[in-house]
Every structure is written in structure tokens, then in C-alpha cells.
Amino acid sequence: ATVDVDALVRLLGDVPTEREPTIVRRRSRDFFWYSPILADALKHVAADIIVRPRDEADVIRTASACAKLRIPLTVRAGGTGNYGQAMPLAGGVLLEMTELTGVVWQKPGSVRVRAGTNILALDQETRPNGYELRMHPSTKRTATIGGFVAGGSGGVGSVAYGGLREPGNILAARVVTVEEEPRILELRQDAAQKVNRAYGTTGIITELEMPTAPAWAWIDVIVAFDSFAEAFAAGRDIAHADGVVKKLVTPIAWPIPGHFVSLKDACPEGKAILICMIAEPFMESFEAILGGRGTLTYRAPSREEPGETPLYEYAWNHTTLQWLKTDRSITYLQLLYPHDRLEESVRQMAALFEGEVLPHLEFIRFGGRVTCSALPVVRYTSPERLFEIIRLHEEHGVMVANPHVFGLEGGSRHKRAEADQLGFKAQVDPMGLLNPGKMESFVPVR
Ligand code: FAD
């Protein structure tokens with residue numbers, strides 16, 4: 001359907017907009033090109049206009065205008081999602097949230113923040129008081145807190161606290177509905193899960209209340225091992241050591257570290273590595289647990305200021321990015337290993353896909369158990385083979401969150417269902433204008 005942009009602009013009044021086609025097209029993209037399948041399927045996607053709300057009143061005005069004119073509205077923040085989460089499949093408005101910033105209040109253990117706040121900036125506000133977010137995506141330096149809650153799942157810190165889906169990891173969300181007279185809803189505790197990883201299909205988040213954790217001086221460490229099995233075993237021992245405060249435990253198989261160009265000296269030829277972030281007072285315990293296994297090749301305070309690269313930018317989804325910088329022939333998967341057969345299952349998959357699916361694990365807590373999620377690098381040959389690899393993992397009891405589909409349902413099969421995102425959508429977006437095409441099972445109610 002054609003969008004009446006002039007009528008929209010009249011209704012928006014002084015809300016800032018951008019209509020220059022090259023800018024609109026560029027902002028209509030995210031890291032979808034990570035997937036060769038999505039790179040092809042979504043390359044023509046573009047919004048008709050960008051709207052940049054300055055405050056919640058502007059968000060409400062935009063939501064109302066879109067509802068009156070039946071114009072699709074897709075929220076975008078840092079634009080770092082990697083399955084086209086923020087790409088406006090049906091055109092319309094791209095609502096850029098990056099001006100809605102700032103801490104509303106903070107106290108020991110929690111912070112209330114506007115959704116467009118950059119995650120590093122948020123930590124910089126709470127750190128002087130001794131607190132930081134419990135977890136962040138490896139895109140911390142570019143992503144927003146709203147984008148993380150709406151598009152992400154967990155990351156650096158999940159080895160201690162689990163993912164965003166764990167009770168207590170999102171305290172509350174303030175949401176604007178898309179109706180001619182938009183409402184503001186405060187979702188607390190489990191109700192806040194209705195916006196978690198819903199790709200902005202279940203309301204526009206304007207504020208979040210997030211739990212915080214004690215802020216430590218983090219030490220970035222790399223340990224090199226002769227084999228991936230040894231890196232895995234050491235990582236498991238660190239992940240299980242409840243007395244050692246840690247934020248990242250990441251075993252990576254060779255040849256992946258061979259693509260970490262700026263870490264060349266810390267990644268010896270042919271060696272698997274274990275990347276960790278350990279709280280400074282626990283470095284001695286960390287080394288005691290290693291007990292002489294492996295070679296410590298890197299140790300430095302984690303630095304996030306411009307010009308520095310914290311080691312977490314080699315972990316989570318950044319591992320694949322480091323390789324993609326020089327070679328687009330590879331892609332990746334997102335896996336969750338069974339906690340009760342972890343070692344056996346990791347070994348089985350490594351053997352089954354030797355040389356084709358290259359292991360990169362992330363130790364996490366999931367439902368209170370220590371297990372591994374994984375973002376292995378896959379040598380890409382064809383869509384058919386990629387889907388076969390996915391099927392074989394599932395047949396062996398490894399869960400796959402398929403990053404090669406843009407729809408919510410196809411992508412996140414292990415997402416909790418009880419928050420009832422589908423039913424909630426009917427209340428907050430009855431016409432189905434929010435990010436159309438992403439929640440495929442939704443049928444507009446009016
Ligand atoms: P965007 O990409 O702009 O948006 C993400 C989704 O959220 C979209 O569907 C958008 O519509 C929606 N959205 C954004 N803001 C709002 C709002 N205010 N209200 C409603 N909906 C909204 N993810 C992880 O979970 N963990 C990781 O460690 C991780 N590492 C990554 C590494 C790389 C290199 C890349 C490219 C991606 C990674 N991701 C990771 C995915 C992504 O970076 C995160 O999900 C990130 O937090 C998204 O934030 P953003 O501000 O860029 O959001």
C-alpha cells in the first residue's frame with residue numbers, strides 16, 4: 001500500500017523527520033547481511049520516512065498519526081540486530097529511538113532509564129555509584145538498552161545471571177500502544193517479558209527498569225590450549241566456580257582466532273583459546289583453577305574507551321564479525337546445548353561437523369544450570385546444507401535459534417511462551433502496524 005507521507009507529516013507537526021531517500025534507505029538496514037539467506041531476501045527493504053522522537057510525547061504523537069493513517073511503524077535504535085529485526089518489511093515509518101536517552105533514577109541494585117540510551121553510556125552513569133548492568137550484548141558500545149530488551153537475549157554477564165528471560169532480569173517496561181489514542185502501560189516483572197525479544201511488535205518501549213550488579217574492575221584474559229577439548233574443560237571449571245566473580249567464559253576453536261588480526265600475539269597458530277573476563281580480586285583463584293593448564297597469552301584491564309577494544313568484542317556475536325571483516329564466505333548459527341549432556345553433546349557435534357561447523361561456545365546459566373550457548377562459525381555452501389545442519393543439531397538434542405529467518409516464531413523456538421506476546425499484541429497493536437511481518441502468527445483484530 002502507498003503511504004501518504006504528506007498527511008503523516010501534517011499530523012506530526014514539529015516532531016523531527018527525515019525524508020532524504022539515501023539516508024532513509026541506509027537507516028532501514030541492520031546486520032541482516034550476517035546471514036547469506038537474509039542478505040538476499042531483505043536487501044530491498046526500505047522505510048518511507050524516518051521519525052526521530054525527542055521525548056515520549058513525540059512517540060505518542062507518532063503512534064497516533066500512524067494509527068489514524070494505517071501506516072506501518074517499525075522501531076529502530078542502534079541498528080545492530082542481526083536478523084533484520086529493525087528492518088521495515090512493509091515500509092512506512094522508521095521510528096528512531098536514539099534521542100530518548102538518560103537515566104530517570106538509580107538506586108543500589110536497579111536503574112530506570114529511557115529506552116534509547118546507549119548501553120555503555122548507561123554503565124558510565126551507574127558505575128560511579130558502584131553498580132553496572134548485570135549483562136549486556138557484545139555490541140554494548142553501539143546498542144541501546146531498548147534494542148537489547150526488544151531484540152536481544154543475553155550476553156556478557158549471562159555466565160553469572162542467565163539471559164534476559166530469567167525472572168528478575170527485566171524489572172519493568174513502560175510501553176506506548178499504537179492506537180488513535182495511544183495508552184501508556186507499565187509492565188512489571190513477568191509482564192515485562194511481553195516485550196522481551198518481541199522485535200518491537202508488542203508496543204513502543206519508552207522506559208525500562210533494569211537490575212544492576214556490583215561493578216568490578218574487570219580483567220580481560222586469554223588462555224591458549226593445544227586442543228578445543230582442553231579449552232572447553234578449563235572454561236567449564238571456571239564457569240562452575242561460584243566463588244570466582246566472572247562475566248565472560250568463551251572457548252573458541254582454531255582456526256577462528258587466526259582471524260583476530262589485532263590479537264595476533266595472544267592467539268598462537270593452531271591453538272584453541274579461552275577468553276574470560278574475571279573480577280580483578282579473583283585473578284589468583286582463576287589461575288589456581290587453571291592449575292597450569294594452557295598458556296596465559298593476554299591479561300589487561302578491560303578498556304571500553306574510544307581507540308581501545310575490550311575482549312568482549314571478540315566474543316558472542318562479535319566472534320563471527322571478526323572473521324566476516326575479511327571473508328564473507330562464512331556464516332553462523334545460534335545454539336543451546338543440553339546442560340545434562342553438555343560435554344558429550346559438544347564433543348558429538350564437533351565430530352559430526354568437523355571442519356564445517358567450527359566451535360565457539362559461551363558458558364551461560366540457563367534456568368539455574370550451567371550450560372553453553374554457542375555461535376559457531378559455519379563454512380557456508382548452500383541454504384539446503386545450512387538447514388540440514390540445523391536439523392541435525394535438533395535431532396541430537398541441541399536447540400537452534402535460527403538466525404537465518406526474520407520472523408519471531410521461526411527464529412526463537414526456545415523462547416518462553418507463557419508471557420503470551422501474541423495475545424498482548426492484540427491489545428497494544430490491534431491493527432498490526434508495529435513491525436509488520438515479524439510476528440507471523442498475528443492476525444489484525446481491526
Ligand atoms: P536495534 O537493532 O535497533 O533493534 C533491535 C530490535 O528491537 C528491533 O526489532 C527493533 O524494532 C526493536 N526495538 C528497538 N528499540 C525499541 C524500543 N524502544 N521499543 C520497542 N522495540 C524496540 N544480541 C545479544 O542478545 N547478545 C549479544 O551478545 C549480541 N552480540 C551481537 C554482536 C554483533 C556484532 C551484532 C551485529 C549483534 C549482536 N547482538 C547480540 C544482537 C544485537 O546487537 C542486540 O540485540 C542489541 O542489543 C540490539 O540493540 P540495538 O539498539 O542495536 O537495537
# chains A, B, ... in the order shown; residues from 1 in each chain; ligands from 1
>>> residues_around(residues="region 351-365 of chain A", least_positions_apart="2", cutoff="7 Å", atoms="only C-alpha atoms", output="PyMOL selection string")
chain A and resi 158-162+239+249-253+316+347-349+367-379
>>> residues_around(residues="region 9-23 of chain A", least_positions_apart="4", cutoff="8 Å", atoms="only C-alpha atoms", output="ChimeraX atom specification")
/A:5,27,48-54,58,61-62,65
>>> write_last_selection(atoms="N, CA and C atoms", output="mmCIF file, in the first residue's frame")
data_model
loop_
_atom_site.group_PDB
_atom_site.id
_atom_site.type_symbol
_atom_site.label_atom_id
_atom_site.label_comp_id
_atom_site.auth_asym_id
_atom_site.auth_seq_id
_atom_site.Cartn_x
_atom_site.Cartn_y
_atom_site.Cartn_z
ATOM 1 N N VAL A 5 2.724 10.160 2.978
ATOM 2 C CA VAL A 5 3.743 10.765 3.833
ATOM 3 C C VAL A 5 3.394 12.227 4.172
ATOM 4 N N ARG A 27 19.372 3.795 6.831
ATOM 5 C CA ARG A 27 18.934 3.538 8.210
ATOM 6 C C ARG A 27 17.957 2.367 8.288
ATOM 7 N N ASP A 48 9.583 4.600 4.355
ATOM 8 C CA ASP A 48 9.223 5.769 3.566
ATOM 9 C C ASP A 48 9.731 7.048 4.217
ATOM 10 N N ILE A 49 9.863 7.013 5.546
ATOM 11 C CA ILE A 49 10.259 8.224 6.274
ATOM 12 C C ILE A 49 10.832 7.825 7.639
ATOM 13 N N ILE A 50 11.797 8.588 8.112
ATOM 14 C CA ILE A 50 12.316 8.378 9.471
ATOM 15 C C ILE A 50 11.687 9.426 10.395
ATOM 16 N N VAL A 51 11.235 9.003 11.554
ATOM 17 C CA VAL A 51 10.741 9.941 12.568
ATOM 18 C C VAL A 51 11.654 9.803 13.784
ATOM 19 N N ARG A 52 12.111 10.957 14.314
ATOM 20 C CA ARG A 52 13.061 10.934 15.437
ATOM 21 C C ARG A 52 12.472 11.622 16.656
ATOM 22 N N PRO A 53 11.711 10.883 17.471
ATOM 23 C CA PRO A 53 11.080 11.489 18.644
ATOM 24 C C PRO A 53 12.131 12.046 19.620
ATOM 25 N N ARG A 54 11.811 13.225 20.197
ATOM 26 C CA ARG A 54 12.703 13.830 21.201
ATOM 27 C C ARG A 54 12.325 13.389 22.597
ATOM 28 N N ASP A 58 6.448 12.918 21.757
ATOM 29 C CA ASP A 58 6.636 12.741 20.311
ATOM 30 C C ASP A 58 6.316 11.304 19.885
ATOM 31 N N ARG A 61 2.557 10.987 19.749
ATOM 32 C CA ARG A 61 2.031 11.685 18.577
ATOM 33 C C ARG A 61 2.240 10.853 17.300
ATOM 34 N N THR A 62 3.419 10.229 17.195
ATOM 35 C CA THR A 62 3.717 9.403 16.015
ATOM 36 C C THR A 62 2.838 8.154 15.995
ATOM 37 N N ALA A 65 -0.637 9.168 14.926
ATOM 38 C CA ALA A 65 -0.706 9.502 13.490
ATOM 39 C C ALA A 65 -0.679 8.234 12.641
#
>>> closest_residue(among="A:Arg183, A:Arg26, A:Arg112, A:Lys68", to="Val428 (chain A)", atoms="only C-alpha atoms")
A:Arg183
>>> residues_around(residues="region 259-275 of chain A", least_positions_apart="5", cutoff="8 Å", atoms="only C-alpha atoms", output="PyMOL selection string")
chain A and resi 220-228+231-232+235+248-254+297-298+311+314-315+322-323
>>> write_last_selection(atoms="C-alpha atoms", output="CSV table (one decimal), in the first residue's frame")
chain,number,residue,atom,x,y,z
A,220,ASP,CA,40.4,-9.4,30.1
A,221,VAL,CA,42.2,-12.7,29.8
A,222,ILE,CA,43.2,-15.1,27.0
A,223,VAL,CA,44.5,-18.6,27.7
A,224,ALA,CA,45.7,-20.7,24.8
A,225,PHE,CA,45.4,-24.5,24.7
A,226,ASP,CA,46.6,-27.3,22.4
A,227,SER,CA,43.0,-28.6,21.8
A,228,PHE,CA,39.5,-27.3,21.9
A,231,ALA,CA,39.8,-25.0,26.4
A,232,PHE,CA,36.3,-26.3,27.0
A,235,GLY,CA,36.1,-23.0,30.7
A,248,LEU,CA,32.6,-14.0,30.3
A,249,VAL,CA,33.8,-17.5,29.7
A,250,THR,CA,34.3,-18.2,26.0
A,251,PRO,CA,36.1,-21.2,24.4
A,252,ILE,CA,36.9,-20.8,20.7
A,253,ALA,CA,38.4,-23.4,18.4
A,254,TRP,CA,41.2,-22.8,15.9
A,297,THR,CA,48.8,-15.1,26.5
A,298,TYR,CA,46.9,-11.9,27.3
A,311,LEU,CA,37.9,-8.6,24.7
A,314,TYR,CA,35.8,-11.0,20.3
A,315,ALA,CA,33.0,-13.0,22.0
A,322,GLN,CA,35.9,-10.6,13.3
A,323,TRP,CA,36.0,-13.3,10.6
>>> select_by_dssp(residues="region 31-63 of chain A", states="alpha helix (DSSP H)", output="ChimeraX atom specification")
/A:36-41,56-63
>>> residues_around(residues="region 387-397 of chain A", least_positions_apart="3", cutoff="9 Å", atoms="only C-alpha atoms", output="list of chain:residue names")
A:Leu333, A:Leu335, A:Tyr337, A:Pro338, A:Ser345, A:Gln348, A:Met349, A:Phe353, A:Val357, A:Ser382, A:Pro383, A:Glu384, A:Val400, A:Asn402
>>> select_by_dssp(residues="region 319-351 of chain A", states="strand (DSSP E)", output="MDAnalysis selection string")
chainID A and resid 330:332 335:336
>>> closest_residue(among="A:Thr144, A:Thr101, A:Thr139, A:Ser64", to="Leu8 (chain A)", atoms="only C-alpha atoms")
A:Ser64
>>> closest_residue(among="A:Asn118, A:Thr319, A:Thr126, A:Thr295", to="Tyr332 (chain A)", atoms="only C-alpha atoms")
A:Thr319
>>> closest_residue(among="A:Val45, A:Ala300, A:Leu321, A:Val3", to="ligand 1", atoms="only C-alpha atoms and all ligand atoms")
A:Leu321
>>> closest_residue(among="A:Thr320, A:Thr381, A:Leu89, A:Gly146", to="Pro255 (chain A)", atoms="only C-alpha atoms")
A:Thr320
>>> closest_residue(among="A:Arg114, A:His339, A:Arg127, A:Lys325", to="Arg236 (chain A)", atoms="only C-alpha atoms")
A:His339
